[in-house]
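Chemist: Handing over structure.tsv, TSV, C-alpha atoms.
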```
chain	number	residue	atom	x	y	z
A	1	MET	CA	57.85	-18.46	100.13
A	2	SER	CA	59.99	-21.43	99.14
A	3	ILE	CA	62.94	-20.97	96.79
A	4	ARG	CA	61.15	-23.06	94.13
A	5	ARG	CA	57.96	-20.97	94.29
A	6	TRP	CA	59.99	-17.76	94.31
A	7	LEU	CA	61.91	-18.86	91.22
A	8	GLY	CA	58.64	-19.82	89.49
A	9	ALA	CA	57.06	-16.46	90.24
A	10	ALA	CA	60.19	-14.69	89.08
A	11	ALA	CA	60.15	-16.63	85.80
A	12	VAL	CA	56.51	-15.66	85.16
A	13	LEU	CA	57.30	-12.02	85.93
A	14	CYS	CA	60.28	-12.07	83.57
A	15	TRP	CA	58.14	-13.66	80.81
A	16	ALA	CA	55.40	-11.05	81.23
A	17	THR	CA	57.94	-8.22	81.25
A	18	ALA	CA	59.62	-9.56	78.10
A	19	LEU	CA	56.25	-9.96	76.38
A	20	HIS	CA	55.29	-6.38	77.22
A	21	ALA	CA	58.68	-5.13	76.05
A	22	ALA	CA	58.33	-7.01	72.77
A	23	GLY	CA	55.02	-5.25	72.13
A	24	LEU	CA	52.47	-6.50	69.64
A	25	GLN	CA	53.22	-8.15	66.30
A	26	VAL	CA	50.64	-8.92	63.61
A	27	THR	CA	51.37	-10.32	60.14
A	28	ASP	CA	49.21	-8.79	57.41
A	29	ASP	CA	48.09	-10.22	54.05
A	30	ARG	CA	51.34	-9.12	52.40
A	31	GLY	CA	53.30	-11.27	54.82
A	32	VAL	CA	54.64	-8.09	56.45
A	33	VAL	CA	55.08	-8.25	60.22
A	34	VAL	CA	53.70	-5.04	61.73
A	35	SER	CA	55.16	-4.29	65.17
A	36	LEU	CA	53.51	-1.96	67.67
A	37	PRO	CA	54.54	-1.10	71.23
A	38	GLN	CA	50.97	-1.79	72.37
A	39	SER	CA	47.47	-2.31	71.03
A	40	PRO	CA	46.63	0.77	68.90
A	41	GLN	CA	44.30	3.39	70.36
A	42	ARG	CA	44.07	5.62	67.26
A	43	ILE	CA	43.07	3.78	64.08
A	44	VAL	CA	42.31	4.94	60.56
A	45	SER	CA	40.41	2.38	58.47
A	46	LEU	CA	40.29	2.67	54.68
A	47	LEU	CA	38.11	-0.33	53.83
A	48	PRO	CA	34.44	-0.62	54.91
A	49	SER	CA	34.68	-4.31	55.80
A	50	LEU	CA	37.65	-3.58	58.09
A	51	THR	CA	35.81	-0.64	59.65
A	52	GLU	CA	32.79	-2.82	60.36
A	53	THR	CA	34.96	-5.59	61.80
A	54	VAL	CA	36.68	-3.19	64.22
A	55	CYS	CA	33.27	-2.06	65.42
A	56	GLU	CA	31.88	-5.60	65.65
A	57	LEU	CA	34.80	-6.37	67.96
A	58	GLY	CA	33.54	-3.59	70.21
A	59	GLN	CA	36.34	-1.15	69.40
A	60	CYS	CA	34.61	1.51	67.30
A	61	HIS	CA	35.80	4.15	69.77
A	62	ARG	CA	39.40	3.63	68.61
A	63	LEU	CA	38.61	4.79	65.05
A	64	VAL	CA	39.68	8.37	64.38
A	65	GLY	CA	39.14	8.39	60.60
A	66	VAL	CA	37.61	6.24	57.85
A	67	ASP	CA	37.32	6.08	54.07
A	68	ARG	CA	34.47	7.82	52.29
A	69	TYR	CA	32.53	4.56	51.83
A	70	SER	CA	32.53	3.44	55.47
A	71	ASN	CA	28.98	4.18	56.61
A	72	HIS	CA	28.21	1.42	59.13
A	73	PRO	CA	27.62	1.32	62.00
A	74	ALA	CA	26.14	4.77	62.58
A	75	PRO	CA	28.96	6.21	64.77
A	76	VAL	CA	31.50	6.02	61.93
A	77	ARG	CA	29.46	8.39	59.76
A	78	ASP	CA	30.57	11.33	61.87
A	79	LEU	CA	34.29	10.50	61.70
A	80	PRO	CA	36.71	12.45	59.48
A	81	LYS	CA	36.76	11.08	55.92
A	82	THR	CA	40.20	10.33	54.51
A	83	GLY	CA	39.52	9.60	50.85
A	84	GLY	CA	39.00	6.15	49.40
A	85	GLY	CA	40.86	2.89	49.54
A	86	ILE	CA	42.30	3.45	46.08
A	87	ASP	CA	42.88	7.20	46.47
A	88	PRO	CA	43.53	7.87	50.17
A	89	ASN	CA	44.05	11.43	51.33
A	90	VAL	CA	47.52	10.94	52.74
A	91	GLU	CA	47.76	14.41	54.27
A	92	ALA	CA	44.44	13.96	56.11
A	93	ILE	CA	45.54	10.56	57.41
A	94	VAL	CA	48.88	11.86	58.68
A	95	ALA	CA	47.12	14.78	60.41
A	96	LEU	CA	45.04	12.32	62.46
A	97	LYS	CA	48.24	10.82	63.96
A	98	PRO	CA	47.04	7.20	63.85
A	99	ASP	CA	48.86	4.40	65.63
A	100	VAL	CA	47.98	2.18	62.68
A	101	VAL	CA	46.23	2.43	59.31
A	102	LEU	CA	44.05	-0.45	58.12
A	103	MET	CA	43.75	-0.66	54.35
A	104	ALA	CA	43.46	-2.98	51.35
A	105	THR	CA	46.55	-4.69	49.97
A	106	SER	CA	45.66	-3.30	46.53
A	107	SER	CA	45.62	0.32	47.70
A	108	ARG	CA	48.13	2.64	46.06
A	109	GLY	CA	48.76	4.47	49.31
A	110	VAL	CA	50.37	1.67	51.33
A	111	GLN	CA	54.00	2.41	50.47
A	112	ARG	CA	53.61	6.17	50.68
A	113	LEU	CA	52.10	5.98	54.17
A	114	GLU	CA	54.86	3.62	55.30
A	115	ALA	CA	57.47	5.96	53.83
A	116	LEU	CA	56.04	8.69	56.06
A	117	GLY	CA	56.61	6.50	59.09
A	118	LEU	CA	53.05	5.26	59.64
A	119	LYS	CA	52.25	1.67	60.58
A	120	VAL	CA	50.09	0.01	57.93
A	121	LEU	CA	48.22	-3.27	58.26
A	122	ALA	CA	47.10	-4.31	54.77
A	123	MET	CA	44.29	-6.85	54.51
A	124	GLU	CA	41.78	-7.50	51.77
A	125	PRO	CA	39.26	-10.31	52.37
A	126	LYS	CA	37.77	-11.84	49.22
A	127	SER	CA	36.51	-15.17	50.55
A	128	SER	CA	34.72	-16.30	53.70
A	129	ALA	CA	37.97	-17.83	54.94
A	130	ASP	CA	39.66	-14.46	54.37
A	131	ALA	CA	36.96	-12.68	56.37
A	132	LYS	CA	37.36	-15.14	59.24
A	133	ARG	CA	41.15	-14.75	59.19
A	134	VAL	CA	40.92	-10.95	59.12
A	135	MET	CA	38.58	-10.94	62.11
A	136	GLY	CA	41.11	-13.07	63.97
A	137	LYS	CA	43.97	-10.75	62.99
A	138	LEU	CA	42.05	-7.67	64.10
A	139	GLY	CA	41.10	-9.44	67.31
A	140	GLN	CA	44.81	-10.00	67.90
A	141	LEU	CA	45.63	-6.38	67.05
A	142	LEU	CA	42.92	-4.99	69.31
A	143	GLU	CA	43.49	-7.61	72.02
A	144	VAL	CA	39.88	-8.80	71.84
A	145	SER	CA	39.73	-12.39	73.02
A	146	ASP	CA	36.32	-13.45	71.69
A	147	ALA	CA	36.82	-12.88	67.93
A	148	ASP	CA	36.28	-16.61	67.30
A	149	ARG	CA	32.96	-16.55	69.17
A	150	ILE	CA	31.78	-13.58	67.10
A	151	TRP	CA	32.70	-15.39	63.89
A	152	ARG	CA	30.86	-18.54	65.00
A	153	ALA	CA	27.72	-16.45	65.51
A	154	ILE	CA	28.06	-15.04	61.98
A	155	ASP	CA	28.53	-18.53	60.55
A	156	ALA	CA	25.48	-19.80	62.45
A	157	GLY	CA	23.43	-16.95	60.98
A	158	VAL	CA	24.44	-17.95	57.45
A	159	MET	CA	23.51	-21.56	58.19
A	160	ALA	CA	20.10	-20.50	59.50
A	161	ALA	CA	19.43	-18.50	56.33
A	162	ALA	CA	20.29	-21.55	54.23
A	163	GLN	CA	17.98	-23.78	56.27
A	164	SER	CA	15.11	-21.35	55.69
A	165	LEU	CA	15.00	-22.17	51.97
A	166	PRO	CA	13.11	-25.04	50.35
A	167	ALA	CA	15.00	-27.94	48.81
A	168	ASP	CA	13.99	-27.00	45.26
A	169	ALA	CA	16.04	-23.80	45.54
A	170	ARG	CA	19.09	-25.95	44.81
A	171	SER	CA	18.10	-26.25	41.16
A	172	LEU	CA	18.16	-22.47	40.60
A	173	ARG	CA	20.93	-21.10	38.37
A	174	VAL	CA	21.88	-17.57	39.46
A	175	TYR	CA	23.85	-14.64	38.06
A	176	TYR	CA	25.01	-12.00	40.57
A	177	GLU	CA	26.32	-8.74	39.10
A	178	VAL	CA	28.45	-6.90	41.64
A	179	SER	CA	29.23	-3.60	39.92
A	180	THR	CA	28.97	-1.64	36.69
A	181	GLY	CA	31.00	-2.89	33.77
A	182	GLY	CA	29.77	-6.45	34.14
A	183	TYR	CA	31.84	-7.47	37.17
A	184	ALA	CA	30.20	-10.52	38.67
A	185	ALA	CA	30.49	-12.68	41.78
A	186	GLY	CA	32.47	-15.80	40.96
A	187	THR	CA	32.33	-19.06	42.87
A	188	GLN	CA	35.57	-18.25	44.72
A	189	SER	CA	34.31	-14.93	46.09
A	190	PHE	CA	32.61	-14.61	49.47
A	191	ILE	CA	29.36	-13.80	47.62
A	192	GLY	CA	29.72	-16.91	45.48
A	193	GLU	CA	30.40	-18.93	48.62
A	194	LEU	CA	27.25	-17.55	50.24
A	195	MET	CA	25.30	-18.54	47.13
A	196	ALA	CA	26.68	-22.07	47.39
A	197	ARG	CA	25.78	-22.30	51.08
A	198	LEU	CA	22.26	-21.16	50.24
A	199	GLY	CA	22.11	-24.04	47.79
A	200	VAL	CA	21.82	-22.22	44.46
A	201	GLN	CA	24.08	-22.71	41.44
A	202	ASN	CA	26.33	-19.94	40.17
A	203	ILE	CA	26.34	-19.69	36.36
A	204	LEU	CA	30.03	-18.69	36.48
A	205	THR	CA	32.67	-21.40	36.37
A	206	PRO	CA	35.41	-21.57	39.04
A	207	ASP	CA	38.22	-20.86	36.57
A	208	LEU	CA	36.96	-17.27	36.13
A	209	GLY	CA	38.16	-16.22	39.59
A	210	PRO	CA	36.49	-14.29	42.43
A	211	PHE	CA	35.17	-11.17	40.66
A	212	PRO	CA	35.61	-11.51	36.88
A	213	ARG	CA	34.38	-9.08	34.24
A	214	ILE	CA	31.76	-10.99	32.26
A	215	ASN	CA	30.79	-10.46	28.63
A	216	PRO	CA	27.00	-9.91	28.39
A	217	GLU	CA	26.84	-12.71	25.81
A	218	TYR	CA	28.16	-15.14	28.44
A	219	VAL	CA	25.09	-14.42	30.58
A	220	VAL	CA	22.75	-14.78	27.60
A	221	ARG	CA	24.20	-18.20	26.75
A	222	ALA	CA	23.99	-19.32	30.38
A	223	ASN	CA	20.35	-18.14	30.57
A	224	PRO	CA	20.08	-17.93	34.39
A	225	ASP	CA	16.84	-18.58	36.27
A	226	LEU	CA	17.47	-15.63	38.58
A	227	ILE	CA	19.50	-12.42	38.42
A	228	MET	CA	20.73	-10.49	41.45
A	229	ILE	CA	21.86	-6.91	40.88
A	230	GLY	CA	22.13	-3.63	42.78
A	231	VAL	CA	20.02	-0.57	42.03
A	232	ARG	CA	23.22	1.30	41.14
A	233	ASN	CA	23.87	-1.12	38.25
A	234	VAL	CA	20.44	-2.08	36.96
A	235	GLN	CA	19.87	0.89	34.65
A	236	GLY	CA	19.95	-0.25	31.02
A	237	MET	CA	20.14	-3.94	31.91
A	238	ALA	CA	17.13	-4.87	29.77
A	239	GLN	CA	18.68	-3.08	26.77
A	240	ARG	CA	21.76	-5.28	26.72
A	241	PRO	CA	21.83	-7.37	23.53
A	242	GLY	CA	19.81	-10.55	23.95
A	243	TRP	CA	18.93	-9.99	27.60
A	244	ARG	CA	15.19	-9.40	27.11
A	245	GLY	CA	14.87	-12.97	25.88
A	246	MET	CA	16.50	-14.54	28.93
A	247	ARG	CA	14.32	-16.56	31.26
A	248	ALA	CA	15.05	-14.36	34.28
A	249	LEU	CA	13.84	-11.18	32.56
A	250	ARG	CA	10.90	-12.83	30.77
A	251	GLU	CA	9.60	-14.24	34.05
A	252	GLN	CA	10.57	-11.16	36.09
A	253	ARG	CA	12.99	-13.10	38.26
A	254	VAL	CA	15.32	-10.21	38.99
A	255	CYS	CA	16.19	-9.04	42.50
A	256	VAL	CA	17.21	-5.39	42.53
A	257	PHE	CA	18.94	-4.63	45.81
A	258	THR	CA	18.75	-1.19	47.40
A	259	GLU	CA	21.96	0.76	48.04
A	260	ALA	CA	21.82	-0.19	51.72
A	261	GLU	CA	21.32	-3.88	50.87
A	262	SER	CA	24.14	-3.77	48.33
A	263	ASP	CA	26.49	-2.34	50.96
A	264	VAL	CA	25.71	-5.34	53.16
A	265	LEU	CA	26.10	-7.84	50.33
A	266	VAL	CA	29.45	-6.67	48.95
A	267	ARG	CA	31.35	-6.38	52.25
A	268	PRO	CA	33.03	-9.55	53.52
A	269	GLY	CA	32.74	-8.95	57.23
A	270	PRO	CA	30.44	-9.02	60.26
A	271	ARG	CA	27.22	-8.55	58.26
A	272	MET	CA	27.63	-11.70	56.18
A	273	ALA	CA	24.76	-13.39	58.03
A	274	GLU	CA	22.55	-10.42	57.15
A	275	ALA	CA	23.77	-10.72	53.55
A	276	ALA	CA	22.74	-14.38	53.53
A	277	ARG	CA	19.26	-13.44	54.80
A	278	ILE	CA	18.88	-10.78	52.08
A	279	MET	CA	19.86	-13.29	49.39
A	280	ALA	CA	17.63	-15.98	50.89
A	281	ARG	CA	14.68	-13.58	50.82
A	282	CYS	CA	15.40	-12.86	47.14
A	283	ILE	CA	15.58	-16.58	46.33
A	284	GLY	CA	12.38	-17.28	48.24
A	285	ASP	CA	10.46	-14.43	46.59
A	286	LYS	CA	11.71	-14.67	43.01
A	287	GLY	CA	13.01	-18.20	42.68
A	288	ARG	CA	9.80	-20.13	42.94
A	289	ARG	CA	8.86	-22.03	39.81
```
Could you express the structure from this file as structure tokens?

Modeler:
Amino acid sequence: MSIRRWLGAAAVLCWATALHAAGLQVTDDRGVVVSLPQSPQRIVSLLPSLTETVCELGQCHRLVGVDRYSNHPAPVRDLPKTGGGIDPNVEAIVALKPDVVLMATSSRGVQRLEALGLKVLAMEPKSSADAKRVMGKLGQLLEVSDADRIWRAIDAGVMAAAQSLPADARSLRVYYEVSTGGYAAGTQSFIGELMARLGVQNILTPDLGPFPRINPEYVVRANPDLIMIGVRNVQGMAQRPGWRGMRALREQRVCVFTEAESDVLVRPGPRMAEAARIMARCIGDKGRR
């Protein structure tokens, strides 16, 4: 081997050794750089969308615990439950000895877990761009090289759902109620963005934010053509003041999603194409004039 080739090989070896020694670094949604000696093999996930993304990346086997709401795909249902995103069971999480904990930035348990010496990667997707970024971050964390390809397939599925709808769907004005208490999907949320890609008009204005709490009178004044709501929230809807007189209720243009469908629709992650198909089916069935 020539001196030049030997020096080149030595430089590559030194670079690889330094990279391995440096370990893995991922910046979460707080701007915190989380450093790990290697890609984590024991993961606790406390947000369903993060759980589903880990599994979509082909790494479900690394999960050792999940929050009580993570129920997809099927293998995660048998994992130890460690509370919820807002009220994590810190003792149960610590007992699982995770290399890293994935959780929402808004969770109260982030600082406590870090104080106990655990690595925490906090991410909370609210828009489609957030979901894409999170998939990339988790791909980096798990050293999965085809995260971008997976996201492109999801995006293509959303586009196909949009193309399945007739042009007149674009004139429909829609109200989507996300949860009890009148919390709705705003235009800046991933649900609102899916609605826009499907071509319908959201009755909420952009200034209200991603998931605002809406006064029932606001909906009455807007008089939507179509209402989307989950079965968990629909009870008593017709008894709200003024709602019986709205076009959507008079003409029975209300899509009531099952619990399973609602889980798909409210999680900004790998099942967004399926969410688009569910919404497109609702628009096709109930939105015709």

Chemist: Taking only C-alpha atoms into account, which of A:Ala147, A:Val44, A:Met279, A:Ile203 comes nearest Val100 (chain A)?

Modeler: A:Val44

Chemist: List as a list of chain:residue names the protein and nucleic acid residues near Asp225 (chain A), meaning an atom at most 9 Å away when all atoms listed in the file are counted, but skip any in the same chain fewer than 2 places from it.

Modeler: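 After dropping sequence-adjacent residues, the list is A:Leu172, A:Arg173, A:Val174, A:Tyr175, A:Asn223, A:Ile227, A:Met246, A:Arg247, A:Ala248, A:Leu249, A:Glu251, A:Arg253, A:Val254, A:Gly287.
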
Chemist: One decimal, Å: what's the distance from CA of Arg240 (chain A) over to CA of Ala276 (chain A), could you say?

Modeler: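 It comes out at 28.3 Å.
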
Chemist: I'd like a table as a tab-separated table: residues in region 112-168 of chain A with an atom no more than 9 Å from region 55-67 of chain A, each row giving the shortest atom pair and its distance in Å to one decimal, only C-alpha atoms counted, sorted by chain and rising residue number.

Modeler:
```
residue	atom	partner	partner_atom	distance
A:Met135	CA	A:Leu57	CA	8.3
A:Leu138	CA	A:Leu57	CA	8.3
A:Gly139	CA	A:Leu57	CA	7.0
A:Leu142	CA	A:Gln59	CA	7.6
A:Val144	CA	A:Leu57	CA	6.8
A:Asp146	CA	A:Leu57	CA	8.1
A:Ala147	CA	A:Leu57	CA	6.8
A:Ile150	CA	A:Leu57	CA	7.9
```

Chemist: Would you save the residues from that selection as a CSV table (one decimal), keeping the file's coordinate frame, using C-alpha atoms?

Modeler:
```csv
chain,number,residue,atom,x,y,z
A,135,MET,CA,38.6,-10.9,62.1
A,138,LEU,CA,42.0,-7.7,64.1
A,139,GLY,CA,41.1,-9.4,67.3
A,142,LEU,CA,42.9,-5.0,69.3
A,144,VAL,CA,39.9,-8.8,71.8
A,146,ASP,CA,36.3,-13.4,71.7
A,147,ALA,CA,36.8,-12.9,67.9
A,150,ILE,CA,31.8,-13.6,67.1
```

Chemist: A:Gly209, A:Gly181, A:Pro75, A:Pro37: which is nearest Thr51 (chain A), counting all atoms listed in the file?

Modeler: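 Using all atoms listed in the file, Thr51 (chain A) sits closest to A:Pro75.
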
Chemist: Which is closer to Ser189 (chain A) than all the others in A:Gln140, A:Gln38, A:Ser128, A:Ser164, using only C-alpha atoms?

Modeler: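 Closest candidate: A:Ser128.
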
Chemist: Identify which of the residues A:Ala160, A:Val220, A:Leu121, A:Val264 lies closest to Arg197 (chain A), counting only C-alpha atoms when measuring atom-to-atom distances.

Modeler: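 Using only C-alpha atoms, the shortest distance to Arg197 (chain A) belongs to A:Ala160.
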
Chemist: Between CA of Ile154 (chain A) and CA of Ala273 (chain A), what distance in Å does the model show, to one decimal?

Modeler: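 A separation of 5.4 Å between them.
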
Chemist: Go ahead and compute the interatomic distance for CA of Glu52 (chain A) and CA of Pro268 (chain A), in Å to one decimal.

Modeler: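 Separation between CA of Glu52 (chain A) and CA of Pro268 (chain A): 9.6 Å.
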
Chemist: Measuring atom to atom with all atoms listed in the file, identify which of A:Met272, A:Ile86, A:Leu141, A:Val76 is nearest to Ala153 (chain A).

Modeler: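 Closest to Ala153 (chain A) of all the choices is A:Met272.
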
Chemist: Just the residues within 7 Å of Thr105 (chain A), please, counting only C-alpha atoms, with nothing from its chain fewer than 3 positions along; format it as a ChimeraX atom specification.

Modeler: /A:30,122-124

Chemist: Need the shell around Thr187 (chain A): protein/DNA/RNA residues with any atom at most 10 Å away, counting only C-alpha atoms. Skip same-chain ones fewer than 4 positions apart. Format as a PyMOL selection string?

Modeler: chain A and resi 127+191-196+201-211

Chemist: Return the single residue from A:Asp155, A:Asp28, A:Glu177, A:Glu259 that is closest to Pro125 (chain A), with distances computed using all atoms listed in the file.

Modeler: A:Asp28

Chemist: Region 30-46 of chain A, all listed atoms, 5 Å padding on each side: what axis-aligned box centre and edge lengths in Å to one decimal come out, as AutoDock Vina command-line options?

Modeler:
```
--center_x 47.7 --center_y -2.8 --center_z 62.4 --size_x 24.9 --size_y 26.9 --size_z 30.0
```

Chemist: Give me region 98-109 of chain A from this structure - N, CA and C atoms, as a PDB file, in the first residue's frame.

Modeler:
```pdb
ATOM      1  N   PRO A  98     -35.049   2.287  30.787  1.00  0.00           N
ATOM      2  CA  PRO A  98     -34.967   2.653  29.363  1.00  0.00           C
ATOM      3  C   PRO A  98     -33.684   3.409  29.044  1.00  0.00           C
ATOM      4  N   ASP A  99     -33.215   3.246  27.814  1.00  0.00           N
ATOM      5  CA  ASP A  99     -32.099   4.059  27.329  1.00  0.00           C
ATOM      6  C   ASP A  99     -32.569   5.477  27.033  1.00  0.00           C
ATOM      7  N   VAL A 100     -33.840   5.592  26.639  1.00  0.00           N
ATOM      8  CA  VAL A 100     -34.413   6.903  26.344  1.00  0.00           C
ATOM      9  C   VAL A 100     -35.926   6.835  26.524  1.00  0.00           C
ATOM     10  N   VAL A 101     -36.508   7.972  26.915  1.00  0.00           N
ATOM     11  CA  VAL A 101     -37.960   8.103  27.044  1.00  0.00           C
ATOM     12  C   VAL A 101     -38.434   9.114  26.014  1.00  0.00           C
ATOM     13  N   LEU A 102     -39.406   8.716  25.201  1.00  0.00           N
ATOM     14  CA  LEU A 102     -40.011   9.609  24.215  1.00  0.00           C
ATOM     15  C   LEU A 102     -41.306  10.146  24.805  1.00  0.00           C
ATOM     16  N   MET A 103     -41.468  11.467  24.826  1.00  0.00           N
ATOM     17  CA  MET A 103     -42.681  12.029  25.407  1.00  0.00           C
ATOM     18  C   MET A 103     -42.967  13.417  24.847  1.00  0.00           C
ATOM     19  N   ALA A 104     -44.155  13.931  25.140  1.00  0.00           N
ATOM     20  CA  ALA A 104     -44.573  15.237  24.645  1.00  0.00           C
ATOM     21  C   ALA A 104     -43.847  16.356  25.383  1.00  0.00           C
ATOM     22  N   THR A 105     -43.600  17.444  24.699  1.00  0.00           N
ATOM     23  CA  THR A 105     -42.962  18.599  25.339  1.00  0.00           C
ATOM     24  C   THR A 105     -43.822  19.161  26.460  1.00  0.00           C
ATOM     25  N   SER A 106     -45.137  18.984  26.360  1.00  0.00           N
ATOM     26  CA  SER A 106     -46.052  19.546  27.365  1.00  0.00           C
ATOM     27  C   SER A 106     -46.206  18.654  28.594  1.00  0.00           C
ATOM     28  N   SER A 107     -45.597  17.481  28.592  1.00  0.00           N
ATOM     29  CA  SER A 107     -45.760  16.572  29.713  1.00  0.00           C
ATOM     30  C   SER A 107     -45.109  17.128  30.981  1.00  0.00           C
ATOM     31  N   ARG A 108     -45.773  16.894  32.098  1.00  0.00           N
ATOM     32  CA  ARG A 108     -45.245  17.369  33.383  1.00  0.00           C
ATOM     33  C   ARG A 108     -44.065  16.537  33.871  1.00  0.00           C
ATOM     34  N   GLY A 109     -43.876  15.361  33.293  1.00  0.00           N
ATOM     35  CA  GLY A 109     -42.869  14.457  33.827  1.00  0.00           C
ATOM     36  C   GLY A 109     -41.478  14.612  33.255  1.00  0.00           C
TER      37      GLY A 109
END
```
